[in-house]
Every structure is written in structure tokens, then in C-alpha cells.
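Enquirer: Supplied structure: start-v1.txt, compact mmCIF, C-alpha atoms.
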# COMPACT_ATOMS: atom_id res chain seq x y z
CA MET A 1084 -67.58 -21.55 21.53
CA THR A 1085 -65.18 -19.00 22.91
CA ARG A 1086 -63.13 -21.78 24.48
CA MET A 1087 -63.04 -23.60 21.11
CA THR A 1088 -61.96 -20.43 19.26
CA SER A 1089 -59.26 -19.90 21.85
CA ALA A 1090 -57.95 -23.42 21.40
CA VAL A 1091 -57.92 -23.09 17.60
CA ARG A 1092 -56.07 -19.80 17.88
CA SER A 1093 -53.48 -21.44 20.16
CA LEU A 1094 -53.03 -24.29 17.70
CA VAL A 1095 -52.57 -21.87 14.77
CA THR A 1096 -50.03 -19.87 16.76
CA ALA A 1097 -48.13 -23.01 17.73
CA ALA A 1098 -48.10 -24.21 14.11
CA ALA A 1099 -46.85 -20.85 12.92
CA LEU A 1100 -44.05 -20.90 15.48
CA LEU A 1101 -43.11 -24.43 14.46
CA LEU A 1102 -42.97 -23.42 10.81
CA ALA A 1103 -40.84 -20.39 11.66
CA CYS A 1104 -38.40 -22.55 13.61
CA THR A 1105 -38.09 -25.19 10.93
CA ALA A 1106 -37.94 -22.80 7.96
CA VAL A 1107 -34.57 -22.74 6.20
CA ALA A 1108 -32.73 -19.79 7.69
CA PRO A 1109 -30.57 -17.66 5.38
CA THR A 1110 -26.95 -18.74 5.59
CA ALA A 1111 -24.91 -16.74 8.09
CA GLU A 1112 -21.63 -17.44 6.30
CA ALA A 1113 -19.86 -14.43 4.86
CA THR A 1114 -19.22 -14.25 1.14
CA PRO A 1115 -15.78 -15.78 0.55
CA GLU A 1116 -13.04 -13.26 -0.17
CA PRO A 1117 -12.01 -12.95 -3.82
CA LYS A 1118 -8.74 -14.62 -4.78
CA ALA A 1119 -6.05 -13.20 -7.01
CA PRO A 1120 -5.93 -14.26 -10.65
CA ALA A 1121 -3.25 -16.85 -11.42
CA GLU A 1122 -0.98 -14.12 -12.84
CA PHE A 1123 -0.35 -12.76 -9.32
CA VAL A 1124 2.40 -14.03 -7.00
CA ALA A 1125 3.87 -13.21 -3.62
CA LEU A 1126 7.16 -11.40 -4.31
CA ARG A 1127 8.96 -13.63 -1.78
CA SER A 1128 8.29 -16.66 -3.97
CA VAL A 1129 10.18 -14.95 -6.82
CA ASP A 1130 12.89 -13.11 -4.85
CA PRO A 1131 13.19 -13.63 -1.07
CA THR A 1132 16.18 -11.24 -0.88
CA ILE A 1133 14.16 -8.06 -1.54
CA ILE A 1134 13.44 -6.38 1.79
CA GLN A 1135 9.77 -5.87 2.61
CA GLU A 1136 8.78 -3.05 4.95
CA MET A 1137 5.10 -2.87 4.20
CA ARG A 1138 3.65 0.33 5.64
CA TYR A 1139 -0.12 0.04 5.24
CA PRO A 1140 -0.84 -2.98 7.49
CA TYR A 1141 0.43 -0.87 10.42
CA GLU A 1142 0.04 2.62 11.91
CA HIS A 1143 3.08 4.32 10.37
CA ASN A 1144 1.49 5.83 7.29
CA PHE A 1145 -0.32 9.05 6.39
CA VAL A 1146 -3.66 7.65 7.61
CA GLY A 1147 -2.17 6.73 10.99
CA GLU A 1148 -3.88 3.32 11.27
CA PRO A 1149 -3.84 -0.06 9.53
CA VAL A 1150 -5.44 0.31 6.10
CA ASP A 1151 -8.42 -1.78 4.96
CA GLY A 1152 -7.52 -4.88 2.95
CA TYR A 1153 -3.97 -5.34 4.28
CA GLN A 1154 -4.42 -8.54 6.24
CA GLN A 1155 -0.72 -9.45 6.16
CA PRO A 1156 2.53 -7.50 5.54
CA LEU A 1157 3.06 -8.98 2.11
CA CYS A 1158 4.13 -7.74 -1.32
CA ILE A 1159 1.91 -9.21 -4.05
CA LEU A 1160 2.55 -8.39 -7.72
CA THR A 1161 1.80 -9.67 -11.18
CA ARG A 1162 4.38 -12.31 -12.07
CA PRO A 1163 6.10 -10.26 -14.85
CA ALA A 1164 6.54 -7.29 -12.47
CA ALA A 1165 7.95 -9.54 -9.72
CA GLN A 1166 10.36 -11.19 -12.18
CA ALA A 1167 11.55 -7.80 -13.44
CA LEU A 1168 12.08 -6.64 -9.86
CA HIS A 1169 14.19 -9.75 -9.30
CA ARG A 1170 16.36 -8.83 -12.29
CA ALA A 1171 16.92 -5.34 -10.90
CA GLN A 1172 17.74 -6.80 -7.48
CA VAL A 1173 20.42 -9.08 -8.94
CA THR A 1174 22.15 -6.04 -10.47
CA LEU A 1175 21.88 -3.96 -7.28
CA LEU A 1176 23.14 -6.74 -4.99
CA ARG A 1177 26.38 -6.75 -7.00
CA GLN A 1178 26.72 -3.04 -6.21
CA GLY A 1179 26.12 -3.53 -2.48
CA TYR A 1180 22.45 -2.49 -2.36
CA SER A 1181 19.07 -4.14 -1.91
CA LEU A 1182 15.66 -3.02 -3.01
CA LYS A 1183 13.09 -2.45 -0.28
CA VAL A 1184 9.36 -2.35 -1.01
CA TYR A 1185 6.86 -0.28 1.00
CA ASP A 1186 3.73 -1.15 -0.98
CA CYS A 1187 2.87 -3.35 -3.97
CA TYR A 1188 -0.59 -4.51 -5.05
CA ARG A 1189 -3.21 -2.38 -3.25
CA PRO A 1190 -6.84 -3.54 -2.99
CA GLN A 1191 -9.61 -1.15 -4.05
CA ARG A 1192 -10.94 -1.22 -0.47
CA ALA A 1193 -7.64 0.32 0.67
CA VAL A 1194 -7.98 3.10 -1.91
CA ASP A 1195 -11.54 3.66 -0.64
CA HIS A 1196 -10.11 3.95 2.90
CA PHE A 1197 -7.66 6.64 1.68
CA VAL A 1198 -10.55 8.53 0.06
CA ARG A 1199 -12.65 8.44 3.25
CA TRP A 1200 -9.66 9.62 5.26
CA ALA A 1201 -8.94 12.48 2.83
CA LYS A 1202 -12.55 13.71 3.10
CA ASP A 1203 -12.35 13.76 6.92
CA LEU A 1204 -10.73 17.17 7.34
CA GLY A 1205 -10.83 16.80 11.13
CA ASP A 1206 -8.31 13.92 11.12
CA GLN A 1207 -4.91 15.61 10.97
CA LYS A 1208 -2.96 13.32 13.31
CA MET A 1209 -0.20 12.43 10.81
CA LYS A 1210 0.04 15.85 9.13
CA ALA A 1211 3.29 16.83 10.85
CA GLU A 1212 5.17 14.01 9.12
CA PHE A 1213 3.45 13.30 5.81
CA TYR A 1214 1.89 16.58 4.60
CA PRO A 1215 3.21 19.45 6.76
CA GLN A 1216 2.82 22.10 4.06
CA VAL A 1217 -0.27 20.83 2.23
CA ASP A 1218 -3.78 21.75 3.34
CA LYS A 1219 -5.69 18.49 3.67
CA SER A 1220 -8.60 19.94 1.68
CA ARG A 1221 -6.22 20.12 -1.34
CA LEU A 1222 -5.21 16.42 -1.39
CA PHE A 1223 -7.59 15.52 -4.26
CA ALA A 1224 -7.03 18.70 -6.27
CA ASP A 1225 -3.25 18.40 -5.95
CA GLY A 1226 -3.29 14.75 -7.03
CA TYR A 1227 -2.08 13.14 -3.80
CA ILE A 1228 -5.27 11.09 -3.35
CA ALA A 1229 -7.49 9.63 -6.10
CA GLU A 1230 -10.44 7.25 -6.24
CA LYS A 1231 -8.51 4.75 -8.36
CA SER A 1232 -4.88 3.67 -8.07
CA GLY A 1233 -2.56 1.94 -10.52
CA HIS A 1234 -1.45 -0.17 -7.53
CA SER A 1235 -4.79 -2.02 -7.75
CA ARG A 1236 -3.79 -3.36 -11.18
CA GLY A 1237 -0.86 -5.28 -9.67
CA SER A 1238 2.16 -4.02 -11.63
CA THR A 1239 2.90 -0.87 -9.60
CA MET A 1240 4.97 -0.66 -6.43
CA ASP A 1241 6.55 1.84 -4.04
CA LEU A 1242 10.15 1.10 -3.19
CA THR A 1243 13.57 2.39 -2.23
CA MET A 1244 17.14 1.11 -1.82
CA VAL A 1245 19.07 0.01 1.26
CA LYS A 1246 22.87 -0.12 1.60
CA LEU A 1247 24.02 -3.58 2.63
CA PRO A 1248 24.37 -4.94 5.22
CA ALA A 1249 20.92 -3.59 6.08
CA ALA A 1250 20.45 -2.11 9.52
CA PRO A 1251 17.01 -2.78 11.01
CA THR A 1252 14.46 0.05 10.87
CA ARG A 1253 13.39 1.09 14.36
CA PRO A 1254 9.74 0.29 15.06
CA TYR A 1255 7.27 3.16 14.84
CA HIS A 1256 5.55 3.93 18.14
CA PRO A 1257 2.04 5.39 17.71
CA GLY A 1258 1.92 8.82 19.29
CA GLN A 1259 5.65 9.47 18.94
CA ARG A 1260 6.77 12.96 17.94
CA LEU A 1261 6.44 13.40 14.19
CA VAL A 1262 9.12 15.07 12.06
CA PRO A 1263 8.49 16.47 8.56
CA CYS A 1264 9.18 13.92 5.81
CA TYR A 1265 11.48 16.42 4.06
CA ALA A 1266 13.64 17.13 7.14
CA PRO A 1267 17.33 16.16 6.97
CA LYS A 1268 17.70 12.37 7.07
CA ALA A 1269 19.23 12.38 10.56
CA GLN A 1270 16.11 14.10 11.92
CA ARG A 1271 13.22 12.32 10.17
CA PHE A 1272 11.89 8.82 10.91
CA PRO A 1273 14.96 6.51 10.94
CA ASP A 1274 14.22 4.43 7.86
CA ASN A 1275 17.19 2.24 6.92
CA SER A 1276 17.09 3.30 3.25
CA ILE A 1277 19.72 5.45 1.60
CA ASP A 1278 18.96 9.18 1.66
CA MET A 1279 16.46 10.01 -1.08
CA GLY A 1280 15.82 13.57 0.07
CA THR A 1281 12.39 12.82 1.59
CA GLY A 1282 10.76 9.93 3.36
CA PHE A 1283 8.24 7.63 1.71
CA ASP A 1284 4.73 9.01 1.04
CA CYS A 1285 5.90 12.58 1.49
CA PHE A 1286 3.09 14.79 0.15
CA ASP A 1287 5.41 17.55 -1.00
CA THR A 1288 6.92 18.76 -4.28
CA LEU A 1289 10.35 17.79 -2.93
CA ALA A 1290 9.26 14.19 -3.58
CA HIS A 1291 9.13 14.92 -7.34
CA THR A 1292 11.90 12.73 -8.73
CA ASP A 1293 13.67 15.54 -10.57
CA ASP A 1294 12.90 18.44 -8.23
CA PRO A 1295 15.84 20.84 -8.77
CA ARG A 1296 16.24 21.42 -5.02
CA ILE A 1297 17.32 17.80 -4.63
CA THR A 1298 21.05 17.77 -5.32
CA GLY A 1299 24.25 15.93 -4.49
CA VAL A 1300 24.07 12.45 -3.00
CA GLN A 1301 20.26 12.52 -2.73
CA ARG A 1302 19.92 13.15 -6.46
CA THR A 1303 22.50 10.45 -7.18
CA HIS A 1304 20.52 7.96 -5.10
CA ARG A 1305 17.27 8.74 -6.91
CA GLY A 1306 19.09 8.26 -10.21
CA LEU A 1307 20.50 4.91 -9.09
CA LEU A 1308 17.05 3.63 -8.24
CA ARG A 1309 15.44 4.91 -11.42
CA ASP A 1310 18.25 3.61 -13.64
CA ALA A 1311 18.20 0.13 -12.08
CA LEU A 1312 14.44 -0.15 -12.53
CA SER A 1313 14.10 1.47 -15.95
CA ALA A 1314 16.72 -0.99 -17.26
CA VAL A 1315 14.27 -3.85 -16.64
CA GLY A 1316 11.07 -2.18 -17.86
CA PHE A 1317 9.78 0.03 -15.04
CA VAL A 1318 8.51 3.58 -15.53
CA ASN A 1319 8.76 6.13 -12.70
CA LEU A 1320 5.91 8.45 -11.75
CA PRO A 1321 7.60 11.90 -11.90
CA GLU A 1322 5.72 13.16 -8.82
CA GLU A 1323 6.94 10.35 -6.54
CA TRP A 1324 10.55 9.14 -6.56
CA TRP A 1325 9.44 5.81 -4.98
CA HIS A 1326 6.60 4.92 -7.41
CA PHE A 1327 7.26 2.61 -10.38
CA THR A 1328 5.07 0.67 -12.82
CA TYR A 1329 6.19 -2.31 -14.88
CA GLN A 1330 5.34 -1.95 -18.58
CA PRO A 1331 3.50 -3.48 -20.32
CA GLU A 1332 1.02 -4.05 -17.51
CA THR A 1333 -0.58 -7.48 -17.29
CA PHE A 1334 -3.94 -5.93 -16.33
CA PRO A 1335 -3.94 -2.37 -17.74
CA ASP A 1336 -7.68 -1.82 -17.20
CA SER A 1337 -8.52 -3.91 -14.10
CA TYR A 1338 -8.77 -2.74 -10.50
CA PHE A 1339 -8.75 -5.70 -8.11
CA ASP A 1340 -10.04 -5.96 -4.56
CA PHE A 1341 -8.77 -9.28 -3.21
CA PRO A 1342 -7.11 -8.82 0.23
CA VAL A 1343 -3.36 -8.64 0.72
CA ALA A 1344 -2.91 -12.07 2.27
CA GLN A 1345 -0.96 -15.23 1.47
CA ARG A 1346 -4.18 -17.14 0.86
CA SER A 1347 -5.05 -14.75 -2.01
CA VAL A 1348 -2.15 -16.21 -3.99
CA ALA A 1349 -2.05 -19.70 -2.45
CA GLY A 1350 -0.82 -22.18 -5.02
CA HIS A 1351 0.58 -19.49 -7.38
CA HIS A 1352 4.25 -20.02 -8.27
Transcribe the structure of this file into C-alpha cells.
Expert:
Amino acid sequence: MTRMTSAVRSLVTAAALLLACTAVAPTAEATPEPKAPAEFVALRSVDPTIIQEMRYPYEHNFVGEPVDGYQQPLCILTRPAAQALHRAQVTLLRQGYSLKVYDCYRPQRAVDHFVRWAKDLGDQKMKAEFYPQVDKSRLFADGYIAEKSGHSRGSTMDLTMVKLPAAPTRPYHPGQRLVPCYAPKAQRFPDNSIDMGTGFDCFDTLAHTDDPRITGVQRTHRGLLRDALSAVGFVNLPEEWWHFTYQPETFPDSYFDFPVAQRSVAGHH
């Protein structure tokens, strides 16, 4: 009897194992990445002459590492914003300048990365360049970091101007000595843009577009950029000379999270 029970138990176990092996396993495939709505385009498809020096896919930014969601160094915008940027570029090229974009559409996951970084008060590795005089614990209260960004709506970009012919910008080397973003142009990171008084993403009141301490050629340059862009429908954020939003926005209330990659806008013209 015991031998019979043992044999039955073995059969039941074997059957159970067989069922487990043949059961339909849950799919291991990842959820496909969201794609951009048809209203989004790669800026290069609208104007290939605008220089792109995208900062967040690489280490040279205030976080000090590639930012989540930037899978390629690519400027993606809503089509009306890209077309308006093209109109501004045509005007500036005649004057011997080119626009240069640092950031365009920004996925929500990138904004979330900024928020996590801002809450990690122990990570100060890029402080000496990007926020020398701001205590990191103040970044939310002072408005430098927020949980939502207009960039995620697709009609906002960060940009500057370059005198033509454009000299190449020297590559950033992680670990290199950092210089305050408001230092004289000859001392700070050698960006090939014209002198705007501070570098890009400078968390300092000197980055306010109309800060009275910015005078002379630096003030003239900020005015040139703002005038060229406001003439085609862009509005400047007063706290950041580089930050502009095309009005009216195509998606005034939407915050997207598709990755910055060519495939997100594949087939959009």
C-alpha cells in the first residue's frame, strides 16, 4: 500500500511539473516605449542649419551624468515651434549668427531624474560650475528645480547664439576642473556661443535676462537673442536668458514621456 501511495505521489508530482512547464508563461517583452504625437518633429527635419549641442545625453550638465530619457542627442519639438525657430534662424544667418540649442522637448522621466538629484543633498559634484552660490537644499524653494517642466509639452527650448563661422566646442572631460558659470567668458567652460554673461543652466540671479549687472556686449547679445525669437512668437522666461516658449503652445496642458530618440518621431515630417 505504501509503495502504491508512493507511486501515485510521484505521478502527481510529475504531472504538476509537466503542467508548470507547459503553462503559458507571462511575456518577458518590455512594454513598448511611447511614441510622440504626430505634431512632434525632429528639428533637423525642419532646419538642419541650427546647431545642436544637446547637454543632457552626456555628463556636462548640473547632474553630472546622462539624464534619463535622452537616448540620442536630438532636438525634438512641436512642428509650429520648430517652424518658428527656422524663421528666426533665417533672419540670424543674414546677420552672421546661428542659433544653437542645448535642450528641447524633455521627457517627464528626465524631470523626475532632476528631482531625485535635487533631493540627494550629498551629490554636489557639479556645484562648482552650475550653482556655486546656491545651497542645494534651496533648489526647489528658489525655483531652479520643479516636478513639472514646460519642456515636456514640446514647445519650449533652451538655446543661445553662435557667431559664424562656428568654432567647435571643446569636449567636456568628466572630472575636469570646474569654473563658476558666471566667471568671465575666457575662464568658464569654452562654449562656442557669443558671451551671454553666464553659461547655460547657471543657477544664479545673473542668469536673469534683465539682471542690471549684465551690461555692455553681454546685454546686447541677450537682447539680440530675445528680439530674434520674440519676432516669431517666442516668449522668454525672465529668470533664464536661454529659455523660450513658442506661443500658442500646441499642447498647453500635456506632459509627455516618450524618449528623446529618432524612432519617437519616425515618419513625422
Enquirer: Out of A:Arg1253, A:Asp1186, A:Gln1330, A:Pro1163, which residue has the shortest atom-to-atom distance to A:Ser1313 when counting all atoms listed in the file?
Expert: A:Gln1330
Enquirer: Which residues come within 6 Å of stretch 1269-1282 of chain A, counting all atoms listed in the file, excluding same-chain residues fewer than 2 positions away, as a list in words?
Expert: Met1244, Val1245, Thr1252, Val1262, Cys1264, Tyr1265, Ala1266, Pro1267, Cys1285 and Gln1301 of chain A
Enquirer: Write the residues of the preceding selection, restricted to C-alpha atoms, as a PDB file, in the frame of the given file.
Expert:
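Result written to result_29.pdb:
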ATOM      1  CA  MET A1244      17.140   1.110  -1.820  1.00  0.00           C
ATOM      2  CA  VAL A1245      19.070   0.010   1.260  1.00  0.00           C
ATOM      3  CA  THR A1252      14.460   0.050  10.870  1.00  0.00           C
ATOM      4  CA  VAL A1262       9.120  15.070  12.060  1.00  0.00           C
ATOM      5  CA  CYS A1264       9.180  13.920   5.810  1.00  0.00           C
ATOM      6  CA  TYR A1265      11.480  16.420   4.060  1.00  0.00           C
ATOM      7  CA  ALA A1266      13.640  17.130   7.140  1.00  0.00           C
ATOM      8  CA  PRO A1267      17.330  16.160   6.970  1.00  0.00           C
ATOM      9  CA  CYS A1285       5.900  12.580   1.490  1.00  0.00           C
ATOM     10  CA  GLN A1301      20.260  12.520  -2.730  1.00  0.00           C
TER      11      GLN A1301
END
Enquirer: Write out as an NGL selection string which residues come within 8 Å of A:Val1315 when counting only C-alpha atoms, dropping same-chain ones fewer than 2 positions away.
Expert: :A and (1167-1168 or 1170-1171 or 1311-1313 or 1317)
Enquirer: Looking at all atoms listed in the file, which of A:Gly1147, A:Pro1342, A:Pro1331, A:Gly1350 is the one that sits closest to A:Pro1115?
Expert: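 Residue with the minimum atom-to-atom distance to A:Pro1115: A:Pro1342.
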Enquirer: What is the distance between atom CA of A:Ala1201 and atom CA of A:Gly1226, in Å to one decimal?
Expert: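 Here the two named atoms are 11.6 Å from each other.
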Enquirer: Counting only C-alpha atoms, figure out which residue out of A:Phe1286, A:Tyr1139, A:Tyr1255, A:Phe1334 gets nearest to A:Tyr1185.
Expert: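 Closest candidate: A:Tyr1139.
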Enquirer: So what do you get for atom CA of A:Ser1220 versus atom CA of A:Lys1202, distance-wise?
Expert: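 Atom CA of A:Ser1220 sits 7.5 Å away from atom CA of A:Lys1202.
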Enquirer: Smallest atom-to-atom distance to A:Gln1259: which of A:His1143, A:Arg1236, A:Cys1187, A:Glu1122, using all atoms listed in the file?
Expert: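 Closest candidate: A:His1143.
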Enquirer: Env of A:Lys1118: 9 Å cut, atoms = all atoms listed in the file, seq-sep filter 4 positions within chain, self excluded. Answer as a CSV table (one decimal) with C-alpha atoms, keeping the file's coordinate frame.
Expert:
chain,number,residue,atom,x,y,z
A,1340,ASP,CA,-10.0,-6.0,-4.6
A,1341,PHE,CA,-8.8,-9.3,-3.2
A,1342,PRO,CA,-7.1,-8.8,0.2
A,1346,ARG,CA,-4.2,-17.1,0.9
A,1347,SER,CA,-5.0,-14.8,-2.0
A,1348,VAL,CA,-2.2,-16.2,-4.0
A,1349,ALA,CA,-2.0,-19.7,-2.4
Enquirer: Which residues are near A:Gln1154? Cut-off 8 Å, only C-alpha atoms, ignore same chain within fewer than 2 positions. Put them as a VMD selection string.
Expert: chain A and resid 1140 1151 to 1152 1156 1342 to 1344
Enquirer: Of the candidates A:Ala1121, A:Ile1133, A:Phe1145, A:Arg1302, which shows the shortest atom-to-atom distance to A:Gln1207, using only C-alpha atoms?
Expert: A:Phe1145
Enquirer: List every protein, DNA or RNA residue with an atom no more than 8 Å from (4.3, -12.5, -3.8) in the file's coordinates, counting all atoms listed in the file, and format the result as JSON, numbers by chain.
Expert: {"A": [1123, 1124, 1125, 1126, 1127, 1128, 1129, 1157, 1158, 1159, 1160, 1165, 1345, 1348]}
Enquirer: Do a neighbour search on A:Leu1242 at 8 Å with all atoms listed in the file, toss out local chain neighbours closer than 4 positions, and write the hits as an mmCIF file with C-alpha atoms, in the frame of the given file.
Expert:
data_model
loop_
_atom_site.group_PDB
_atom_site.id
_atom_site.type_symbol
_atom_site.label_atom_id
_atom_site.label_comp_id
_atom_site.auth_asym_id
_atom_site.auth_seq_id
_atom_site.Cartn_x
_atom_site.Cartn_y
_atom_site.Cartn_z
ATOM 1 C CA LEU A 1182 15.660 -3.020 -3.010
ATOM 2 C CA LYS A 1183 13.090 -2.450 -0.280
ATOM 3 C CA VAL A 1184 9.360 -2.350 -1.010
ATOM 4 C CA TYR A 1185 6.860 -0.280 1.000
ATOM 5 C CA ASP A 1186 3.730 -1.150 -0.980
ATOM 6 C CA TRP A 1325 9.440 5.810 -4.980
ATOM 7 C CA HIS A 1326 6.600 4.920 -7.410
ATOM 8 C CA PHE A 1327 7.260 2.610 -10.380
#
Enquirer: Have a look at A:Val1194, A:Met1137, A:Val1146, A:Ala1249 and name the one nearest to A:Asp1206; count only C-alpha atoms.
Expert: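 Comparing A:Val1194, A:Met1137, A:Val1146, A:Ala1249 against A:Asp1206, the winner is A:Val1146.
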Enquirer: Enter the distance from atom CA of A:Pro1295 to atom CA of A:Met1209, in Å, rounded to one decimal.
Expert: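 Computing the Euclidean distance for atom CA of A:Pro1295 and atom CA of A:Met1209 yields 26.7 Å.
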Enquirer: Identify the residues within 10 Å of coordinate (1.6, 12.3, -11.5) (same frame as the file), considering only C-alpha atoms, and give the answer as a VMD selection string.
Expert: chain A and resid 1225 to 1227 1291 1319 to 1323 1326
